[in-house]
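Novice: Contents of work-v7.cif (mmCIF, C-alpha atoms):
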data_protein
#
loop_
_atom_site.label_atom_id
_atom_site.label_comp_id
_atom_site.auth_asym_id
_atom_site.auth_seq_id
_atom_site.Cartn_x
_atom_site.Cartn_y
_atom_site.Cartn_z
CA MET A 222 0.00 0.00 0.00
CA ALA A 223 1.30 3.44 -0.91
CA SER A 224 2.35 5.81 1.88
CA LEU A 225 2.95 9.54 1.85
CA ASP A 226 5.67 9.01 4.49
CA MET A 227 4.80 12.31 6.18
CA ASN A 228 4.01 13.66 9.65
CA GLY A 229 0.42 14.47 10.54
CA SER A 230 -2.35 15.08 9.78
CA TYR A 231 -2.94 18.51 11.30
CA PRO A 232 -5.53 21.26 10.91
CA LEU A 233 -4.48 23.57 8.07
CA THR A 234 -4.15 26.84 9.97
CA LYS A 235 -1.32 29.37 10.19
CA GLU A 236 -0.94 28.63 13.89
CA GLU A 237 -0.68 24.87 13.40
CA ILE A 238 1.76 25.23 10.49
CA ASP A 239 4.00 27.50 12.57
CA LYS A 240 3.79 25.05 15.49
CA GLN A 241 4.69 22.00 13.40
CA ILE A 242 7.12 23.33 10.77
CA THR A 243 9.80 25.08 12.79
CA LYS A 244 12.76 25.24 10.44
CA THR A 245 13.32 26.78 7.03
CA SER A 246 13.82 23.81 4.76
CA PRO A 247 12.80 22.16 1.52
CA GLY A 248 10.02 19.67 2.00
CA ASN A 249 6.82 18.00 0.91
CA TYR A 250 3.20 18.33 1.87
CA ALA A 251 -0.21 16.92 1.21
CA TYR A 252 -3.55 18.63 1.63
CA GLY A 253 -6.66 16.63 2.33
CA TYR A 254 -9.29 15.63 4.83
CA VAL A 255 -9.93 12.86 7.35
CA LYS A 256 -12.89 10.51 7.21
CA ASP A 257 -13.23 7.41 9.41
CA ASN A 258 -9.66 7.92 10.72
CA THR A 259 -8.22 7.84 7.20
CA PHE A 260 -6.43 10.76 5.53
CA TYR A 261 -7.66 11.33 1.98
CA VAL A 262 -5.23 13.16 -0.31
CA ASP A 263 -6.56 16.02 -2.43
CA TYR A 264 -3.23 17.58 -3.44
CA VAL A 265 0.50 16.91 -3.07
CA GLY A 266 3.19 19.54 -3.39
CA ARG A 267 6.66 20.60 -2.39
CA ALA A 268 8.74 23.54 -1.34
CA ASP A 269 12.22 23.92 -2.80
CA SER A 270 13.43 26.15 0.05
CA ASP A 271 10.76 27.14 2.65
CA LEU A 272 8.14 24.51 3.47
CA ASN A 273 6.47 26.63 6.17
CA ASP A 274 5.79 29.49 3.76
CA ARG A 275 4.71 27.30 0.84
CA ILE A 276 2.24 25.14 2.72
CA LYS A 277 0.28 28.21 3.86
CA HIS A 278 -0.99 28.68 0.29
CA GLY A 279 -3.67 26.05 0.97
CA ILE A 280 -5.22 27.75 4.01
CA GLY A 281 -8.93 28.28 3.44
CA LYS A 282 -9.10 25.76 0.60
CA TYR A 283 -8.20 22.54 2.40
CA LYS A 284 -8.96 21.20 5.89
CA ARG A 285 -5.82 19.32 6.89
CA PHE A 286 -2.17 18.79 5.96
CA LYS A 287 0.70 16.36 6.30
CA TYR A 288 4.34 17.26 5.77
CA SER A 289 7.94 16.07 5.73
CA TYR A 290 11.26 17.87 5.51
CA ALA A 291 13.67 17.16 2.64
CA LYS A 292 17.45 17.53 2.46
CA SER A 293 17.35 19.26 -0.92
CA ALA A 294 15.07 20.55 -3.66
CA LYS A 295 15.94 17.44 -5.68
CA GLU A 296 14.87 15.12 -2.87
CA ALA A 297 11.62 17.10 -2.45
CA TYR A 298 10.92 16.94 -6.19
CA GLU A 299 11.47 13.19 -6.36
CA LYS A 300 9.20 12.56 -3.38
CA GLU A 301 6.52 14.84 -4.84
CA CYS A 302 6.67 12.79 -8.05
CA ARG A 303 6.33 9.50 -6.16
CA ASN A 304 3.37 10.84 -4.18
CA TYR A 305 1.77 12.21 -7.34
CA HIS A 306 2.02 8.86 -9.10
CA ASP A 307 0.99 6.83 -6.03
CA PHE A 308 -2.08 8.87 -5.12
CA THR A 309 -3.13 10.70 -8.33
CA PRO A 310 -4.67 13.51 -6.23
CA SER A 311 -7.78 15.07 -7.74
CA ASP A 312 -6.45 18.63 -7.45
CA ASN A 313 -3.06 17.94 -9.08
CA LYS A 314 -4.00 18.66 -12.70
CA ILE A 315 -0.51 18.22 -14.17
CA HIS A 316 2.72 16.37 -13.38
CA PRO A 317 4.92 18.20 -10.84
CA ASP A 318 7.21 20.84 -12.35
CA LYS A 319 10.96 20.49 -11.99
CA PRO A 320 12.70 22.99 -9.68
CA ASP A 321 13.71 26.17 -11.53
CA GLY A 322 16.93 25.73 -13.48
CA SER A 323 17.16 21.99 -12.92
CA ASP A 324 17.19 19.06 -15.30
CA TYR A 325 15.93 16.49 -12.76
CA MET A 326 13.92 13.58 -14.10
CA CYS A 327 10.86 12.03 -12.50
CA PRO A 328 11.97 8.75 -10.86
CA ILE A 329 8.69 7.11 -11.89
CA CYS A 330 7.94 8.17 -15.48
CA GLY A 331 11.15 9.91 -16.55
CA GLN A 332 9.36 13.16 -17.40
#
Will you turn the file into structure tokens for me?
Specialist:
Amino acid sequence: MASLDMNGSYPLTKEEIDKQITKTSPGNYAYGYVKDNTFYVDYVGRADSDLNDRIKHGIGKYKRFKYSYAKSAKEAYEKECRNYHDFTPSDNKIHPDKPDGSDYMCPICGQ
């Protein structure tokens, strides 16, 4: 069974984001909701440099979030690709974009 391999889920509020994501770092996140103790993924994304700032873009649109830190933008991109392919979230309309100026390839489809 596929796993996001992330911390959470937490309410998607500025206060909760600031409480949970305490360092400036690349990372990954998922937005979604919980039903019957299961987290349902609506969207997966990444931050190439500041996860705390990036994840706040979903406030007001989504109910909950999960997250994980990454060591680099490349690591965050590759995890975002895996999560995208594993979960095919309804709100991810296109394949994840590569980080600006990079030539990284998706580890799943090679895109």
Novice: Do you know which residues the PyMOL selection byres ((chain A and resi 288-301) around 6) returns on this file, as an NGL selection string?
Specialist: :A and (227-228 or 247-250 or 266 or 269 or 287 or 302-305)
Novice: Could you tell me how far atom CA of A:Tyr325 lies from atom CA of A:Gly253, in Å and to one decimal?
Specialist: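 The value is 27.2 Å.
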Novice: By how many Å are atom CA of A:Asp318 and atom CA of A:Lys240 apart?
Specialist: 28.4 Å
Novice: Hey, can you check how far atom CA of A:Asp274 sits from atom CA of A:Gly331?
Specialist: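 Separation between atom CA of A:Asp274 and atom CA of A:Gly331: 28.7 Å.
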Novice: Between A:Lys277, A:Lys314, A:Lys235, A:Lys244, single out the one closest to A:Asp263, counting all atoms listed in the file.
Specialist: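 Closest to A:Asp263 of all the choices is A:Lys314.
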Novice: Between A:Ile238, A:Gln332, A:His306, A:Arg267, which one has atoms that come closest to A:Pro320, using all atoms listed in the file?
Specialist: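 Residue with the minimum atom-to-atom distance to A:Pro320: A:Arg267.
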Novice: Return as lines of an AutoDock Vina configuration file the centre and edge lengths, in Å with one decimal, of the box along x, y and z that encloses every atom of stretch 286-296 of chain A in the file, padded by 6 Å per side.
Specialist:
center_x = 7.6
center_y = 17.8
center_z = 0.3
size_x = 31.6
size_y = 17.4
size_z = 24.0
Novice: In the coordinate frame of the file, compute which residues have an atom within 7 Å of (6.6, 4.4, -1.1) when using only C-alpha atoms, and state them as a list in words.
Specialist: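 Returned residue set, sorted by chain then number, is Ala223, Ser224 and Leu225 of chain A.
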Novice: Could you tell me which of A:Ala268, A:Val262, A:Ile276, A:Val255 comes closest to A:Glu237 if we count all atoms listed in the file?
Specialist: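 Of all the options, A:Ile276 lies closest to A:Glu237.
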Novice: Tell me which residues come within 9 Å of (-9.2, 19.0, 6.6), as a ChimeraX atom specification, counting all atoms listed in the file in the file's coordinates.
Specialist: /A:230-233,252-255,260,283-286
Novice: Please determine, counting only C-alpha atoms, which residue among A:Ala251, A:Cys330, A:Asp321, A:Gly229 has the shortest atom-to-atom distance to A:Tyr264.
Specialist: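 Result for the nearest residue to A:Tyr264: A:Ala251.
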Novice: When you count all atoms listed in the file, which of these residues is closest to A:Thr309: A:Val265, A:Thr259, A:Ile280, A:Gln241?
Specialist: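 Closest candidate: A:Val265.
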Novice: Would you mind writing stretch 318-329 of chain A with all heavy atoms, as a PDB file, keeping the file's coordinate frame?
Specialist:
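Written file, result18.pdb:
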ATOM      1  N   ASP A 318       6.161  20.128 -11.625  1.00  0.00           N
ATOM      2  CA  ASP A 318       7.210  20.840 -12.350  1.00  0.00           C
ATOM      3  C   ASP A 318       8.559  20.590 -11.695  1.00  0.00           C
ATOM      4  O   ASP A 318       8.645  20.441 -10.471  1.00  0.00           O
ATOM      5  CB  ASP A 318       6.946  22.350 -12.338  1.00  0.00           C
ATOM      6  CG  ASP A 318       5.830  22.754 -13.268  1.00  0.00           C
ATOM      7  OD1 ASP A 318       5.573  22.041 -14.258  1.00  0.00           O
ATOM      8  OD2 ASP A 318       5.211  23.799 -13.014  1.00  0.00           O
ATOM      9  N   LYS A 319       9.595  20.602 -12.505  1.00  0.00           N
ATOM     10  CA  LYS A 319      10.960  20.490 -11.990  1.00  0.00           C
ATOM     11  C   LYS A 319      11.318  21.800 -11.277  1.00  0.00           C
ATOM     12  O   LYS A 319      10.822  22.865 -11.640  1.00  0.00           O
ATOM     13  CB  LYS A 319      11.941  20.258 -13.129  1.00  0.00           C
ATOM     14  CG  LYS A 319      11.673  18.983 -13.877  1.00  0.00           C
ATOM     15  CD  LYS A 319      12.543  18.870 -15.112  1.00  0.00           C
ATOM     16  CE  LYS A 319      12.120  17.629 -15.887  1.00  0.00           C
ATOM     17  NZ  LYS A 319      12.835  17.445 -17.112  1.00  0.00           N
ATOM     18  N   PRO A 320      12.216  21.750 -10.288  1.00  0.00           N
ATOM     19  CA  PRO A 320      12.700  22.990  -9.680  1.00  0.00           C
ATOM     20  C   PRO A 320      13.322  23.900 -10.746  1.00  0.00           C
ATOM     21  O   PRO A 320      13.924  23.411 -11.711  1.00  0.00           O
ATOM     22  CB  PRO A 320      13.758  22.519  -8.683  1.00  0.00           C
ATOM     23  CG  PRO A 320      13.366  21.104  -8.361  1.00  0.00           C
ATOM     24  CD  PRO A 320      12.790  20.563  -9.646  1.00  0.00           C
ATOM     25  N   ASP A 321      13.166  25.189 -10.582  1.00  0.00           N
ATOM     26  CA  ASP A 321      13.710  26.170 -11.530  1.00  0.00           C
ATOM     27  C   ASP A 321      15.182  25.902 -11.798  1.00  0.00           C
ATOM     28  O   ASP A 321      15.968  25.694 -10.870  1.00  0.00           O
ATOM     29  CB  ASP A 321      13.546  27.597 -10.992  1.00  0.00           C
ATOM     30  CG  ASP A 321      12.101  28.055 -11.006  1.00  0.00           C
ATOM     31  OD1 ASP A 321      11.277  27.455 -11.728  1.00  0.00           O
ATOM     32  OD2 ASP A 321      11.797  29.039 -10.298  1.00  0.00           O
ATOM     33  N   GLY A 322      15.534  25.880 -13.070  1.00  0.00           N
ATOM     34  CA  GLY A 322      16.930  25.730 -13.480  1.00  0.00           C
ATOM     35  C   GLY A 322      17.483  24.329 -13.369  1.00  0.00           C
ATOM     36  O   GLY A 322      18.681  24.131 -13.557  1.00  0.00           O
ATOM     37  N   SER A 323      16.645  23.350 -13.071  1.00  0.00           N
ATOM     38  CA  SER A 323      17.160  21.990 -12.920  1.00  0.00           C
ATOM     39  C   SER A 323      16.811  21.135 -14.137  1.00  0.00           C
ATOM     40  O   SER A 323      15.919  21.474 -14.911  1.00  0.00           O
ATOM     41  CB  SER A 323      16.584  21.332 -11.656  1.00  0.00           C
ATOM     42  OG  SER A 323      15.262  20.890 -11.898  1.00  0.00           O
ATOM     43  N   ASP A 324      17.507  20.027 -14.249  1.00  0.00           N
ATOM     44  CA  ASP A 324      17.190  19.060 -15.300  1.00  0.00           C
ATOM     45  C   ASP A 324      16.842  17.709 -14.690  1.00  0.00           C
ATOM     46  O   ASP A 324      17.023  16.664 -15.297  1.00  0.00           O
ATOM     47  CB  ASP A 324      18.353  18.923 -16.282  1.00  0.00           C
ATOM     48  CG  ASP A 324      19.643  18.451 -15.632  1.00  0.00           C
ATOM     49  OD1 ASP A 324      19.678  18.326 -14.388  1.00  0.00           O
ATOM     50  OD2 ASP A 324      20.621  18.201 -16.348  1.00  0.00           O
ATOM     51  N   TYR A 325      16.291  17.724 -13.450  1.00  0.00           N
ATOM     52  CA  TYR A 325      15.930  16.490 -12.760  1.00  0.00           C
ATOM     53  C   TYR A 325      14.866  15.740 -13.545  1.00  0.00           C
ATOM     54  O   TYR A 325      14.028  16.340 -14.206  1.00  0.00           O
ATOM     55  CB  TYR A 325      15.396  16.772 -11.358  1.00  0.00           C
ATOM     56  CG  TYR A 325      16.327  17.564 -10.477  1.00  0.00           C
ATOM     57  CD1 TYR A 325      15.821  18.463  -9.558  1.00  0.00           C
ATOM     58  CD2 TYR A 325      17.713  17.411 -10.541  1.00  0.00           C
ATOM     59  CE1 TYR A 325      16.661  19.182  -8.718  1.00  0.00           C
ATOM     60  CE2 TYR A 325      18.554  18.142  -9.713  1.00  0.00           C
ATOM     61  CZ  TYR A 325      18.024  19.019  -8.805  1.00  0.00           C
ATOM     62  OH  TYR A 325      18.849  19.743  -8.000  1.00  0.00           O
ATOM     63  N   MET A 326      14.902  14.438 -13.440  1.00  0.00           N
ATOM     64  CA  MET A 326      13.920  13.580 -14.100  1.00  0.00           C
ATOM     65  C   MET A 326      13.049  12.919 -13.047  1.00  0.00           C
ATOM     66  O   MET A 326      13.532  12.552 -11.979  1.00  0.00           O
ATOM     67  CB  MET A 326      14.642  12.498 -14.904  1.00  0.00           C
ATOM     68  CG  MET A 326      15.593  13.035 -15.967  1.00  0.00           C
ATOM     69  SD  MET A 326      14.784  13.957 -17.261  1.00  0.00           S
ATOM     70  CE  MET A 326      14.102  12.624 -18.187  1.00  0.00           C
ATOM     71  N   CYS A 327      11.783  12.738 -13.377  1.00  0.00           N
ATOM     72  CA  CYS A 327      10.860  12.030 -12.500  1.00  0.00           C
ATOM     73  C   CYS A 327      11.362  10.599 -12.325  1.00  0.00           C
ATOM     74  O   CYS A 327      11.615   9.913 -13.317  1.00  0.00           O
ATOM     75  CB  CYS A 327       9.449  12.040 -13.073  1.00  0.00           C
ATOM     76  SG  CYS A 327       8.290  11.008 -12.143  1.00  0.00           S
ATOM     77  N   PRO A 328      11.488  10.118 -11.072  1.00  0.00           N
ATOM     78  CA  PRO A 328      11.970   8.750 -10.860  1.00  0.00           C
ATOM     79  C   PRO A 328      10.950   7.677 -11.259  1.00  0.00           C
ATOM     80  O   PRO A 328      11.313   6.518 -11.362  1.00  0.00           O
ATOM     81  CB  PRO A 328      12.245   8.700  -9.354  1.00  0.00           C
ATOM     82  CG  PRO A 328      11.341   9.736  -8.771  1.00  0.00           C
ATOM     83  CD  PRO A 328      11.238  10.820  -9.813  1.00  0.00           C
ATOM     84  N   ILE A 329       9.727   8.074 -11.537  1.00  0.00           N
ATOM     85  CA  ILE A 329       8.690   7.110 -11.890  1.00  0.00           C
ATOM     86  C   ILE A 329       8.488   7.033 -13.406  1.00  0.00           C
ATOM     87  O   ILE A 329       8.534   5.964 -14.005  1.00  0.00           O
ATOM     88  CB  ILE A 329       7.338   7.446 -11.221  1.00  0.00           C
ATOM     89  CG1 ILE A 329       7.496   7.580  -9.706  1.00  0.00           C
ATOM     90  CG2 ILE A 329       6.270   6.425 -11.590  1.00  0.00           C
ATOM     91  CD1 ILE A 329       8.051   6.367  -9.005  1.00  0.00           C
TER      92      ILE A 329
END
